[in-house]
>>> print(open('work.cif').read())   # mmCIF, C-alpha atoms
data_protein
loop_
_atom_site.label_atom_id
_atom_site.label_comp_id
_atom_site.auth_asym_id
_atom_site.auth_seq_id
_atom_site.Cartn_x
_atom_site.Cartn_y
_atom_site.Cartn_z
CA MET A 169 -77.26 -64.11 -131.33
CA LYS A 170 -73.62 -64.27 -130.13
CA ILE A 171 -74.41 -61.83 -127.34
CA LYS A 172 -77.15 -64.16 -126.19
CA PHE A 173 -74.59 -66.93 -125.99
CA LEU A 174 -72.49 -64.78 -123.62
CA LEU A 175 -75.41 -63.76 -121.42
CA MET A 176 -75.63 -66.94 -119.35
CA PRO A 177 -71.90 -67.27 -118.58
CA SER A 178 -71.72 -63.53 -117.82
CA ALA A 179 -74.69 -63.77 -115.47
CA ILE A 180 -73.12 -66.72 -113.71
CA ILE A 181 -69.73 -64.96 -113.39
CA ILE A 182 -71.34 -61.73 -112.14
CA SER A 183 -73.41 -63.73 -109.65
CA ILE A 184 -70.36 -65.61 -108.41
CA VAL A 185 -68.34 -62.41 -108.14
CA ILE A 186 -71.09 -60.67 -106.18
CA ILE A 187 -71.51 -63.66 -103.90
CA ILE A 188 -67.79 -64.29 -103.31
CA TRP A 189 -66.68 -60.66 -103.04
CA ASN A 190 -69.60 -59.19 -101.20
CA VAL A 191 -72.41 -61.38 -99.98
CA TRP A 192 -70.31 -64.16 -98.43
CA PRO A 193 -67.88 -61.88 -96.53
CA THR A 194 -70.73 -59.65 -95.42
CA TRP A 195 -72.40 -62.65 -93.84
CA PHE A 196 -69.57 -64.73 -92.54
CA ASN A 197 -66.21 -62.90 -92.33
CA GLN A 198 -65.65 -62.30 -88.62
CA ASP A 199 -62.54 -60.24 -89.33
CA LEU A 200 -64.69 -57.46 -90.79
CA ASP A 201 -66.10 -55.06 -88.20
CA ASP A 202 -69.35 -54.61 -90.11
CA SER A 203 -69.93 -58.22 -91.19
CA ILE A 204 -73.24 -59.73 -90.14
CA ALA A 205 -71.45 -62.39 -88.09
CA THR A 206 -69.46 -59.70 -86.21
CA LEU A 207 -72.51 -57.50 -85.79
CA LYS A 208 -74.53 -60.39 -84.39
CA LEU A 209 -71.70 -61.14 -81.98
CA ASN A 210 -71.46 -57.46 -81.00
CA ILE A 211 -75.21 -57.27 -80.47
CA LYS A 212 -75.07 -60.36 -78.30
CA THR A 213 -72.23 -58.84 -76.26
CA GLU A 214 -73.94 -55.45 -75.97
CA GLN A 215 -77.20 -57.11 -74.97
CA ALA A 216 -75.36 -59.11 -72.32
CA GLU A 217 -73.73 -55.93 -71.03
CA VAL A 218 -77.03 -54.06 -70.94
CA ASN A 219 -78.55 -56.97 -68.99
CA LYS A 220 -75.52 -56.99 -66.69
CA ILE A 221 -75.80 -53.26 -66.03
CA LYS A 222 -79.54 -53.58 -65.35
CA GLU A 223 -78.89 -56.46 -62.96
CA ARG A 224 -76.12 -54.52 -61.24
CA LYS A 225 -78.37 -51.48 -60.90
CA GLN A 226 -80.91 -53.68 -59.14
CA ASN A 227 -78.13 -54.99 -56.89
CA VAL A 228 -77.12 -51.40 -56.06
CA THR A 229 -80.64 -50.81 -54.78
CA LYS A 230 -80.65 -54.08 -52.80
CA LEU A 231 -77.24 -53.38 -51.25
CA THR A 232 -78.21 -49.81 -50.37
CA ASN A 233 -81.36 -51.08 -48.66
CA GLU A 234 -79.37 -53.73 -46.79
CA LEU A 235 -76.87 -51.15 -45.54
CA GLN A 236 -79.61 -48.73 -44.53
CA SER A 237 -81.69 -51.35 -42.74
CA ASP A 238 -78.71 -52.65 -40.74
CA SER A 239 -76.65 -49.59 -39.87
CA GLY A 240 -74.83 -51.45 -37.05
CA ASN A 241 -72.33 -53.04 -39.40
CA LYS A 242 -71.84 -49.79 -41.27
CA ASP A 243 -71.11 -47.89 -38.05
CA LEU A 244 -68.76 -50.62 -36.87
CA VAL A 245 -66.71 -50.50 -40.08
CA PHE A 246 -66.67 -46.69 -40.28
CA ASN A 247 -65.63 -46.41 -36.63
CA TYR A 248 -62.83 -48.94 -37.08
CA TYR A 249 -61.56 -47.39 -40.32
CA PRO A 250 -62.56 -43.71 -40.10
CA ILE A 251 -62.97 -41.17 -42.89
CA ILE A 252 -60.96 -38.44 -41.22
CA ARG A 253 -57.87 -38.20 -39.07
CA LYS A 254 -58.81 -38.51 -35.40
CA GLU A 255 -55.62 -38.02 -33.44
CA GLU A 256 -57.67 -36.74 -30.48
CA ASP A 257 -59.37 -40.15 -30.32
CA VAL A 258 -56.00 -41.88 -30.73
CA ILE A 259 -54.59 -39.99 -27.75
CA ASN A 260 -57.76 -40.50 -25.71
CA LYS A 261 -57.88 -44.24 -26.41
CA ILE A 262 -54.16 -44.73 -25.66
CA ASN A 263 -54.73 -42.93 -22.37
CA HIS A 264 -57.67 -45.21 -21.55
CA VAL A 265 -55.71 -48.32 -22.56
CA ALA A 266 -52.80 -47.25 -20.33
CA PHE A 267 -55.16 -46.56 -17.45
CA GLY A 268 -56.87 -49.91 -17.90
CA ALA A 269 -53.59 -51.81 -18.07
CA GLY A 270 -52.17 -49.99 -15.07
CA VAL A 271 -49.08 -48.62 -16.81
CA PHE A 272 -47.85 -45.07 -16.34
CA LEU A 273 -48.03 -43.21 -19.63
CA THR A 274 -44.98 -40.95 -19.86
CA GLU A 275 -45.08 -39.76 -23.48
CA ILE A 276 -47.21 -39.84 -26.63
CA GLY A 277 -45.63 -38.38 -29.75
CA VAL A 278 -47.82 -38.10 -32.83
CA GLU A 279 -46.39 -38.03 -36.34
CA TYR A 280 -48.33 -37.49 -39.54
CA GLY A 281 -46.91 -40.17 -41.77
CA LYS A 282 -46.56 -40.66 -45.45
CA THR A 283 -45.83 -43.84 -47.31
CA ASP A 284 -42.82 -44.31 -49.53
CA LYS A 285 -41.05 -47.21 -51.19
CA LYS A 286 -39.56 -48.36 -47.91
CA ASN A 287 -42.51 -47.65 -45.66
CA THR A 288 -45.34 -49.24 -47.57
CA LEU A 289 -48.94 -49.51 -46.40
CA GLU A 290 -48.33 -53.22 -46.02
CA LYS A 291 -45.68 -52.53 -43.38
CA ILE A 292 -47.28 -49.56 -41.67
CA LEU A 293 -50.96 -50.47 -41.57
CA ALA A 294 -50.84 -54.17 -42.50
CA ILE A 295 -53.19 -53.66 -45.44
CA SER A 296 -52.61 -54.53 -49.08
CA ALA A 297 -52.51 -51.90 -51.80
CA LYS A 298 -55.68 -51.85 -53.88
CA LYS A 299 -55.59 -53.68 -57.20
CA GLU A 300 -56.37 -51.83 -60.41
CA ASN A 301 -59.85 -52.57 -61.79
CA THR A 302 -59.25 -54.06 -65.24
CA ASN A 303 -62.84 -55.07 -65.94
CA ILE A 304 -63.79 -51.86 -67.72
CA THR A 305 -64.37 -52.35 -71.42
CA ASP A 306 -63.17 -49.94 -74.11
CA ALA A 307 -66.72 -48.74 -74.74
CA GLU A 308 -67.08 -47.88 -71.08
CA LYS A 309 -63.69 -46.21 -71.03
CA ALA A 310 -64.81 -44.03 -73.92
CA LEU A 311 -67.61 -42.72 -71.74
CA LEU A 312 -65.22 -41.63 -69.05
CA THR A 313 -64.83 -37.89 -68.88
CA GLY A 314 -62.63 -37.37 -65.86
CA THR A 315 -59.44 -38.96 -64.65
CA LYS A 316 -59.89 -41.57 -61.97
CA VAL A 317 -57.99 -40.71 -58.83
CA GLU A 318 -57.37 -43.61 -56.49
CA LYS A 319 -57.69 -42.70 -52.84
CA THR A 320 -54.87 -44.00 -50.69
CA PRO A 321 -55.05 -44.57 -46.96
CA SER A 322 -53.39 -42.07 -44.65
CA PHE A 323 -52.18 -42.63 -41.13
CA VAL A 324 -50.88 -41.08 -37.91
CA THR A 325 -48.13 -42.77 -35.97
CA ALA A 326 -48.05 -42.62 -32.19
CA ASP A 327 -44.75 -43.05 -30.39
CA ILE A 328 -45.68 -44.13 -26.88
CA ASN A 329 -43.55 -44.47 -23.77
CA VAL A 330 -44.96 -46.28 -20.78
CA TYR A 331 -43.64 -47.49 -17.46
CA GLY A 332 -44.92 -50.48 -15.52
CA ASP A 333 -44.31 -54.05 -14.54
CA TYR A 334 -44.09 -56.91 -17.02
CA ALA A 335 -47.71 -58.06 -16.74
CA GLN A 336 -49.00 -54.51 -17.07
CA ILE A 337 -46.92 -53.83 -20.16
CA LYS A 338 -47.98 -57.10 -21.74
CA ASN A 339 -51.61 -56.23 -21.04
CA PHE A 340 -51.07 -52.75 -22.46
CA LEU A 341 -49.62 -54.21 -25.69
CA TYR A 342 -52.59 -56.51 -26.21
CA SER A 343 -55.14 -53.81 -25.40
CA LEU A 344 -53.47 -51.47 -27.90
CA TYR A 345 -53.73 -54.18 -30.55
CA ALA A 346 -57.48 -54.42 -29.93
CA THR A 347 -58.25 -50.72 -29.55
CA GLY A 348 -61.12 -50.76 -32.04
CA LEU A 349 -59.35 -48.53 -34.55
CA LEU A 350 -57.51 -49.68 -37.65
CA ASN A 351 -53.98 -49.91 -36.36
CA ASN A 352 -50.75 -51.85 -36.51
CA VAL A 353 -48.06 -52.08 -33.84
CA GLN A 354 -44.95 -51.48 -35.92
CA SER A 355 -42.39 -52.00 -33.21
CA PHE A 356 -41.94 -52.23 -29.48
CA ASP A 357 -38.97 -52.07 -27.19
CA ILE A 358 -39.33 -53.34 -23.61
CA HIS A 359 -36.31 -52.80 -21.41
CA LYS A 360 -35.31 -52.56 -17.81
CA GLY A 361 -35.16 -48.98 -16.77
CA GLU A 362 -35.90 -46.43 -14.13
CA ASP A 363 -38.68 -43.96 -13.89
CA ALA A 364 -37.12 -40.56 -13.32
CA ASN A 365 -39.82 -39.74 -10.77
CA ALA A 366 -39.65 -43.04 -8.92
CA GLY A 367 -37.89 -43.48 -5.62
CA GLU A 368 -34.91 -45.80 -5.12
CA GLU A 369 -37.03 -48.59 -3.76
CA GLU A 370 -39.34 -48.57 -6.75
CA ALA A 371 -36.45 -48.20 -9.20
CA SER A 372 -34.86 -51.36 -7.96
CA SER A 373 -38.09 -53.34 -8.40
CA ASN A 374 -39.13 -55.14 -11.58
CA LYS A 375 -40.42 -52.06 -13.34
CA LEU A 376 -39.90 -51.85 -17.10
CA ASN A 377 -39.95 -49.12 -19.69
CA ALA A 378 -41.62 -49.73 -23.02
CA ASN A 379 -41.52 -47.75 -26.20
CA ILE A 380 -44.22 -48.66 -28.71
CA LYS A 381 -44.69 -47.35 -32.21
CA ILE A 382 -48.23 -47.81 -33.49
CA SER A 383 -49.92 -46.43 -36.62
CA PHE A 384 -53.61 -45.63 -36.99
CA GLY A 385 -55.13 -45.50 -40.46
CA TYR A 386 -57.94 -43.50 -42.05
CA ILE A 387 -59.11 -42.93 -45.61
CA SER A 388 -61.36 -40.28 -47.11
CA LYS A 389 -64.60 -41.28 -48.83
CA LYS A 390 -64.61 -42.54 -52.38
CA LYS A 391 -65.69 -40.16 -55.12
CA ASP A 392 -65.37 -41.83 -58.50
CA LYS A 393 -67.50 -42.00 -61.61
CA ALA A 394 -70.24 -44.62 -61.36
CA ILE A 395 -69.02 -46.17 -64.61
CA ASP A 396 -65.65 -46.82 -62.97
CA LEU A 397 -67.30 -48.67 -60.13
CA ILE A 398 -70.26 -50.58 -61.55
CA ASN A 399 -68.00 -53.45 -62.65
CA GLU A 400 -66.75 -54.02 -59.11
CA SER A 401 -67.35 -57.60 -58.01
CA LEU A 402 -69.47 -56.23 -55.15
CA PHE A 403 -72.37 -55.56 -57.52
CA ALA A 404 -72.42 -59.10 -58.86
CA SER A 405 -74.59 -60.01 -55.89
CA GLY A 406 -77.34 -58.28 -53.98
CA ASN A 407 -75.94 -59.00 -50.52
CA PHE A 408 -72.90 -58.12 -48.47
CA ASN A 409 -70.87 -60.96 -47.04
CA PHE A 410 -70.57 -60.24 -43.33
CA ASP A 411 -69.32 -63.70 -42.27
CA GLU A 412 -65.75 -62.56 -41.65
CA LEU A 413 -66.94 -59.35 -40.01
CA ASN A 414 -69.07 -61.34 -37.57
CA GLU A 415 -66.07 -63.53 -36.69
CA LYS A 416 -63.87 -60.54 -35.91
CA ARG A 417 -66.48 -58.25 -34.44
CA ASP A 418 -64.88 -58.37 -30.97
CA LEU A 419 -61.58 -56.96 -32.23
CA MET A 420 -63.38 -54.16 -34.02
CA SER A 421 -65.81 -53.02 -31.39
CA GLU A 422 -64.99 -49.91 -29.45
CA LYS A 423 -63.94 -50.58 -25.90
CA TYR A 424 -62.82 -47.07 -25.11
CA PRO A 425 -64.73 -43.82 -25.46
CA ASN A 426 -63.88 -41.20 -28.03
CA SER A 427 -62.66 -37.85 -26.85
CA GLU A 428 -65.16 -35.20 -25.79
CA ILE A 429 -64.84 -31.44 -25.63
CA GLY A 430 -66.20 -31.05 -22.08
CA GLU A 431 -66.65 -27.65 -20.48
CA ARG A 432 -65.39 -24.65 -22.38
CA GLY A 433 -64.75 -20.97 -21.68
CA ILE A 434 -62.44 -19.39 -19.10
CA ILE A 435 -61.77 -15.73 -18.15
CA ASN A 436 -57.98 -15.99 -17.97
CA PRO A 437 -56.54 -18.72 -20.22
CA PHE A 438 -53.14 -18.35 -18.48
CA ALA A 439 -54.47 -18.87 -14.98
CA PRO A 440 -53.76 -22.39 -13.65
CA MET B 462 -88.31 -85.86 -161.19
CA VAL B 463 -86.54 -83.67 -158.73
CA ASP B 464 -85.58 -85.50 -155.62
CA ILE B 465 -86.28 -83.26 -152.55
CA ASN B 466 -85.24 -84.36 -149.05
CA LEU B 467 -88.16 -83.13 -146.98
CA HIS B 468 -86.99 -84.91 -143.89
CA LYS B 469 -83.71 -82.95 -143.68
CA ALA B 470 -85.44 -79.62 -144.13
CA ALA B 471 -87.83 -80.39 -141.31
CA GLU B 472 -84.97 -81.44 -139.09
CA LYS B 473 -83.15 -78.14 -139.75
CA GLU B 474 -86.29 -76.17 -138.91
CA LEU B 475 -86.70 -78.11 -135.71
CA ARG B 476 -83.08 -77.42 -134.72
CA ILE B 477 -83.50 -73.69 -135.30
CA LYS B 478 -86.69 -73.68 -133.23
CA LYS B 479 -85.00 -75.64 -130.48
CA SER B 480 -82.02 -73.32 -130.42
CA ASN B 481 -84.35 -70.31 -130.30
CA SER B 482 -86.14 -71.70 -127.26
CA ILE B 483 -82.81 -72.39 -125.57
CA PHE B 484 -81.77 -68.81 -126.25
CA LYS B 485 -85.04 -67.59 -124.85
CA SER B 486 -84.85 -69.78 -121.73
CA SER B 487 -81.14 -68.98 -121.14
CA THR B 488 -81.94 -65.25 -121.21
CA PHE B 489 -84.69 -65.82 -118.70
CA ILE B 490 -82.45 -67.94 -116.49
CA SER B 491 -79.61 -65.41 -116.73
CA PHE B 492 -81.78 -62.50 -115.73
CA SER B 493 -83.47 -64.57 -113.09
CA LEU B 494 -80.08 -65.54 -111.65
CA LEU B 495 -78.93 -61.93 -111.66
CA ALA B 496 -82.21 -60.87 -110.08
CA ILE B 497 -81.92 -63.50 -107.36
CA VAL B 498 -78.32 -62.53 -106.63
CA LEU B 499 -79.28 -58.85 -106.53
CA VAL B 500 -82.16 -59.62 -104.19
CA ILE B 501 -79.78 -61.58 -101.97
CA TYR B 502 -77.29 -58.69 -102.13
CA GLY B 503 -79.98 -56.12 -101.34
CA GLY B 504 -81.39 -58.29 -98.57
CA THR B 505 -77.94 -58.71 -97.09
CA MET B 506 -77.34 -54.96 -97.15
CA LEU B 507 -80.72 -54.29 -95.53
CA TYR B 508 -80.15 -56.96 -92.90
CA GLN B 509 -76.67 -55.57 -92.20
CA LEU B 510 -78.12 -52.09 -91.87
CA SER B 511 -80.81 -53.31 -89.50
CA LEU B 512 -78.17 -55.06 -87.37
CA GLU B 513 -76.04 -51.90 -87.32
CA ASN B 514 -79.08 -49.93 -86.18
CA ALA B 515 -79.87 -52.53 -83.53
CA LYS B 516 -76.26 -52.35 -82.28
CA ALA B 517 -76.31 -48.53 -82.20
CA GLU B 518 -79.61 -48.66 -80.34
CA LEU B 519 -78.19 -51.10 -77.78
CA ILE B 520 -75.12 -48.91 -77.28
CA GLN B 521 -77.44 -45.97 -76.68
CA VAL B 522 -79.50 -48.02 -74.22
CA LYS B 523 -76.29 -49.05 -72.43
CA GLU B 524 -75.09 -45.45 -72.22
CA ASN B 525 -78.44 -44.37 -70.85
CA GLU B 526 -78.38 -47.20 -68.31
CA LEU B 527 -74.86 -46.24 -67.25
CA LYS B 528 -75.80 -42.58 -66.97
CA SER B 529 -78.83 -43.40 -64.85
CA ILE B 530 -76.78 -45.21 -62.18
CA ASN B 531 -77.02 -43.52 -58.81
CA GLU B 532 -73.40 -42.37 -58.52
CA GLU B 533 -73.66 -41.41 -54.86
CA ALA B 534 -75.09 -44.78 -53.86
CA VAL B 535 -72.48 -46.69 -55.87
CA ASN B 536 -69.65 -44.68 -54.31
CA GLU B 537 -71.10 -45.23 -50.84
CA LEU B 538 -71.35 -48.98 -51.37
CA VAL B 539 -67.90 -49.44 -52.93
CA ASP B 540 -66.38 -47.25 -50.24
CA PHE B 541 -68.00 -49.39 -47.55
CA GLN B 542 -66.89 -52.65 -49.20
CA GLU B 543 -63.30 -51.40 -49.61
CA ARG B 544 -63.25 -50.21 -46.01
CA LEU B 545 -64.56 -53.61 -44.93
CA ASP B 546 -61.98 -55.47 -47.06
CA SER B 547 -59.13 -53.33 -45.72
CA THR B 548 -60.39 -53.86 -42.18
CA MET B 549 -60.45 -57.65 -42.60
CA ASP B 550 -57.05 -57.51 -44.29
CA ASN B 551 -55.66 -55.50 -41.38
CA LEU B 552 -57.14 -57.80 -38.74
CA GLU B 553 -55.72 -60.83 -40.53
CA LYS B 554 -52.26 -59.45 -41.21
CA LYS B 555 -51.41 -57.25 -38.26
CA SER B 556 -49.14 -58.88 -35.78
CA ASN B 557 -50.26 -59.17 -32.21
CA PRO B 558 -47.28 -58.14 -30.03
CA LYS B 559 -48.61 -60.44 -27.34
CA ASP B 560 -47.79 -63.44 -29.58
CA THR B 561 -44.10 -62.55 -29.57
CA VAL B 562 -44.07 -61.91 -25.84
CA ASP B 563 -45.91 -65.19 -25.16
CA ALA B 564 -43.45 -67.06 -27.40
CA ILE B 565 -40.47 -65.59 -25.55
CA GLU B 566 -42.07 -66.61 -22.24
CA ARG B 567 -42.34 -70.20 -23.49
CA LEU B 568 -38.84 -70.31 -24.95
CA ILE B 569 -36.81 -68.63 -22.23
CA VAL B 570 -34.34 -71.04 -20.61
CA LYS B 571 -34.06 -71.24 -16.83
CA GLY B 572 -31.21 -69.10 -15.61
CA VAL B 573 -31.67 -66.49 -18.36
CA PHE B 574 -33.20 -63.06 -17.67
CA LEU B 575 -34.06 -60.47 -20.25
CA ASP B 576 -32.62 -56.99 -20.15
CA SER B 577 -34.53 -55.86 -23.20
CA LEU B 578 -36.82 -57.21 -25.87
CA VAL B 579 -37.30 -55.36 -29.15
CA GLN B 580 -39.63 -56.28 -32.00
CA ASP B 581 -38.96 -54.47 -35.24
CA GLY B 582 -42.10 -55.08 -37.28
CA ASP B 583 -40.79 -53.14 -40.29
CA ASN B 584 -37.91 -55.57 -40.76
CA GLY B 585 -39.68 -58.57 -39.24
CA LYS B 586 -37.13 -59.35 -36.57
CA ILE B 587 -36.65 -59.39 -32.81
CA GLU B 588 -33.64 -58.45 -30.74
CA MET B 589 -33.14 -59.54 -27.17
CA LYS B 590 -30.47 -58.63 -24.70
CA ALA B 591 -30.22 -61.17 -21.89
CA VAL B 592 -28.22 -62.05 -18.82
CA SER B 593 -27.32 -65.56 -17.71
CA ASP B 594 -25.06 -67.25 -15.17
CA SER B 595 -22.91 -69.02 -17.78
CA PHE B 596 -22.06 -69.19 -21.47
CA LYS B 597 -23.57 -72.68 -21.52
CA THR B 598 -26.97 -71.26 -20.56
CA ALA B 599 -26.59 -68.54 -23.23
CA ALA B 600 -25.95 -71.26 -25.83
CA SER B 601 -28.99 -73.20 -24.58
CA GLN B 602 -31.08 -70.07 -24.99
CA MET B 603 -29.91 -69.69 -28.57
CA LEU B 604 -30.76 -73.32 -29.30
CA SER B 605 -34.19 -72.88 -27.72
CA LEU B 606 -35.00 -70.03 -30.11
CA LYS B 607 -33.62 -71.99 -33.07
CA LYS B 608 -35.91 -74.92 -32.29
CA SER B 609 -39.00 -72.69 -32.12
CA ASP B 610 -41.59 -72.45 -34.87
CA ILE B 611 -41.94 -68.68 -34.87
CA PHE B 612 -38.28 -67.55 -35.14
CA SER B 613 -35.73 -68.28 -37.83
CA ASP B 614 -32.12 -67.38 -38.55
CA VAL B 615 -31.20 -66.86 -34.89
CA ARG B 616 -27.94 -64.88 -34.66
CA ILE B 617 -25.73 -63.94 -31.73
CA ILE B 618 -24.73 -60.29 -31.89
CA ASP B 619 -22.62 -59.90 -28.80
CA SER B 620 -21.60 -61.87 -25.72
CA GLY B 621 -19.36 -61.16 -22.76
CA ARG B 622 -19.24 -60.67 -19.01
CA ASP B 623 -20.32 -57.54 -17.15
CA ASP B 624 -18.65 -55.99 -14.06
CA SER B 625 -20.38 -58.44 -11.74
CA GLY B 626 -19.23 -61.46 -13.75
CA ARG B 627 -22.59 -62.32 -15.28
CA VAL B 628 -22.76 -63.36 -18.91
CA VAL B 629 -24.48 -60.70 -21.02
CA PHE B 630 -25.47 -61.63 -24.58
CA SER B 631 -27.54 -60.22 -27.44
CA LEU B 632 -29.51 -62.31 -29.90
CA GLU B 633 -31.30 -61.40 -33.09
CA ALA B 634 -33.84 -63.53 -34.97
CA ASP B 635 -36.22 -63.18 -37.88
CA LEU B 636 -39.94 -63.60 -37.28
CA LYS B 637 -41.31 -66.40 -39.43
CA LYS B 638 -44.09 -65.16 -41.75
#
>>> encode(input="work.cif", output="structure tokens")
Amino acid sequence: MKIKFLLMPSAIIISIVIIIWNVWPTWFNQDLDDSIATLKLNIKTEQAEVNKIKERKQNVTKLTNELQSDSGNKDLVFNYYPIIRKEEDVINKINHVAFGAGVFLTEIGVEYGKTDKKNTLEKILAISAKKENTNITDAEKALLTGTKVEKTPSFVTADINVYGDYAQIKNFLYSLYATGLLNNVQSFDIHKGEDANAGEEEASSNKLNANIKISFGYISKKKDKAIDLINESLFASGNFNFDELNEKRDLMSEKYPNSEIGERGIINPFAP
Amino acid sequence: MVDINLHKAAEKELRIKKSNSIFKSSTFISFSLLAIVLVIYGGTMLYQLSLENAKAELIQVKENELKSINEEAVNELVDFQERLDSTMDNLEKKSNPKDTVDAIERLIVKGVFLDSLVQDGDNGKIEMKAVSDSFKTAASQMLSLKKSDIFSDVRIIDSGRDDSGRVVFSLEADLKK
């Protein structure tokens, strides 16, 4: 009979204990990783990410189609900022620019440059360093198998000496600026001087010497894991924004031909 | 005659019966309560398990979606966009040497002739060596550069007369960003 008296209070206490210690936290404690509230939140997040990835995959297809259907913009960008070093084109274009401006090209020195703390890309090529992508979640990071290697732009620097009058040199400077290759005029020095080959009469005229240091950039193609790239802001939409490109198209378009091999093969390579 | 209180006896019997029914109902309620709580507990566990399974399934779906991305296409597109961004960045930031030359043309004072003009893009400054007929003109030239909107911190490096008596002076100035 006494045990029966204890049954009800015991049942109530056990019920309360089970509810307070287990059921309630399992439902509502968001600090627990496996609580229902946390799981629901996680599911919502995961579902949103799955939807985001699906949407971005669709955008990848749309963007690929856009780029394939309008290859003009692609060619323009890849010609302006090439994949490989093209010093032969650099020399050829400088020669054409000099010819067009009417200056006498006396020297082109080419250096294969490297950036350091003092000579940053900002100074040499007038482009900003790429920002680290911080949008990758931990779950996505866990899927990464390789180490991401960020490609950095490379460049060749041309040290040019020309000889001509003021208007010609000014024209040469502007034409160099708009060569149609990613470049930056780092420095120039225009001074009165004499051409060693010029006669006295010409030397006394208003001829000037100019030394110009200009760098041309290139960067190899990207080769990263798709998971590293899918969060790029590019894939948030299904179109490229070519507004700025259209505004600056003139400065990017090629005005001078690239170098060509021409005729090859000679019996005596030392014969003039 | 023996006096028997029948009323009290009946009352006692009724109390015992009542207490028995309470005991019986309290047992039922207790077990019912425990059963309900256990059902809630079991239901919670099952629901939690189903949510964990749903989460695991979604993670698997996400991994599969990520693995099925066309890596070559994504690289091609990002590469193009980065090339385009760098190109626009370069076209916006790179200095046009013609701007400096045009500015000097506008700011040169009558009676001053340049011997040399140097733009050092790395350090963002220009140096000019000039010739004038007097120190007054050299000072005017300095003031002209100071009043311009593209040069700042104009400094005189050197000034003097050459063999033919002309004033030769060198100026240095920072290019405003």
>>> resolve_selection(input="work.cif", expression="the PyMOL selection byres ((chain A) within 6 of (chain B))", output="short mmCIF file (atom, residue, chain, number, x, y, z; two decimals) with C-alpha atoms, keeping the file's coordinate frame")
data_model
loop_
_atom_site.label_atom_id
_atom_site.label_comp_id
_atom_site.auth_asym_id
_atom_site.auth_seq_id
_atom_site.Cartn_x
_atom_site.Cartn_y
_atom_site.Cartn_z
CA MET A 176 -75.63 -66.94 -119.35
CA ALA A 179 -74.69 -63.77 -115.47
CA SER A 183 -73.41 -63.73 -109.65
CA VAL A 191 -72.41 -61.38 -99.98
CA ILE A 204 -73.24 -59.73 -90.14
CA ILE A 211 -75.21 -57.27 -80.47
CA VAL A 218 -77.03 -54.06 -70.94
CA LYS A 291 -45.68 -52.53 -43.38
CA ALA A 294 -50.84 -54.17 -42.50
CA ILE A 295 -53.19 -53.66 -45.44
CA TYR A 342 -52.59 -56.51 -26.21
CA ASN A 352 -50.75 -51.85 -36.51
CA GLN A 354 -44.95 -51.48 -35.92
CA SER A 355 -42.39 -52.00 -33.21
CA PHE A 356 -41.94 -52.23 -29.48
CA ASP A 357 -38.97 -52.07 -27.19
CA ILE A 358 -39.33 -53.34 -23.61
CA HIS A 359 -36.31 -52.80 -21.41
CA LYS A 360 -35.31 -52.56 -17.81
CA LYS A 390 -64.61 -42.54 -52.38
CA ALA A 394 -70.24 -44.62 -61.36
#
>>> resolve_selection(input="work.cif", expression="the PyMOL selection byres ((chain B and resi 568) around 9)", output="list in words")
Asp563, Ala564, Ile565, Glu566, Arg567, Ile569, Val570, Gln602, Ser605, Leu606 and Ser609 of chain B
>>> write_last_selection(input="work.cif", atoms="C-alpha atoms", output="tab-separated table (two decimals), keeping the file's coordinate frame")
chain	number	residue	atom	x	y	z
B	563	ASP	CA	-45.91	-65.19	-25.16
B	564	ALA	CA	-43.45	-67.06	-27.40
B	565	ILE	CA	-40.47	-65.59	-25.55
B	566	GLU	CA	-42.07	-66.61	-22.24
B	567	ARG	CA	-42.34	-70.20	-23.49
B	569	ILE	CA	-36.81	-68.63	-22.23
B	570	VAL	CA	-34.34	-71.04	-20.61
B	602	GLN	CA	-31.08	-70.07	-24.99
B	605	SER	CA	-34.19	-72.88	-27.72
B	606	LEU	CA	-35.00	-70.03	-30.11
B	609	SER	CA	-39.00	-72.69	-32.12
>>> closest_residue(input="work.cif", among="A:Phe408, A:Thr229, A:Ile328, A:Leu344", to="Lys242 in chain A", atoms="only C-alpha atoms")
A:Phe408
>>> atom_distance(input="work.cif", atom1="CA of Ala326 in chain A", atom2="CA of Val258 in chain A")
8.1 Å
>>> resolve_selection(input="work.cif", expression="the PyMOL selection byres ((chain A and resi 375) around 6)", output="list in words")
Gly332, Asp333, Ser373, Asn374 and Leu376 of chain A
>>> atom_distance(input="work.cif", atom1="CA of Glu422 in chain A", atom2="CA of Asp238 in chain A")
18.0 Å
>>> atom_distance(input="work.cif", atom1="CA of Tyr280 in chain A", atom2="CA of Val324 in chain A")
4.7 Å
>>> closest_residue(input="work.cif", among="A:Asn210, A:Asn233, A:Gln226, A:Asn409", to="Asn514 in chain B", atoms="all atoms listed in the file")
A:Asn210
>>> residues_near_point(input="work.cif", point="(-17.8, -70.8, -19.9)", cutoff="12 Å", atoms="only C-alpha atoms", output="short mmCIF file (atom, residue, chain, number, x, y, z; two decimals) with C-alpha atoms, keeping the file's coordinate frame")
data_model
loop_
_atom_site.label_atom_id
_atom_site.label_comp_id
_atom_site.auth_asym_id
_atom_site.auth_seq_id
_atom_site.Cartn_x
_atom_site.Cartn_y
_atom_site.Cartn_z
CA SER B 593 -27.32 -65.56 -17.71
CA ASP B 594 -25.06 -67.25 -15.17
CA SER B 595 -22.91 -69.02 -17.78
CA PHE B 596 -22.06 -69.19 -21.47
CA LYS B 597 -23.57 -72.68 -21.52
CA THR B 598 -26.97 -71.26 -20.56
CA ALA B 599 -26.59 -68.54 -23.23
CA ALA B 600 -25.95 -71.26 -25.83
CA SER B 620 -21.60 -61.87 -25.72
CA GLY B 621 -19.36 -61.16 -22.76
CA ARG B 622 -19.24 -60.67 -19.01
CA GLY B 626 -19.23 -61.46 -13.75
CA ARG B 627 -22.59 -62.32 -15.28
CA VAL B 628 -22.76 -63.36 -18.91
#
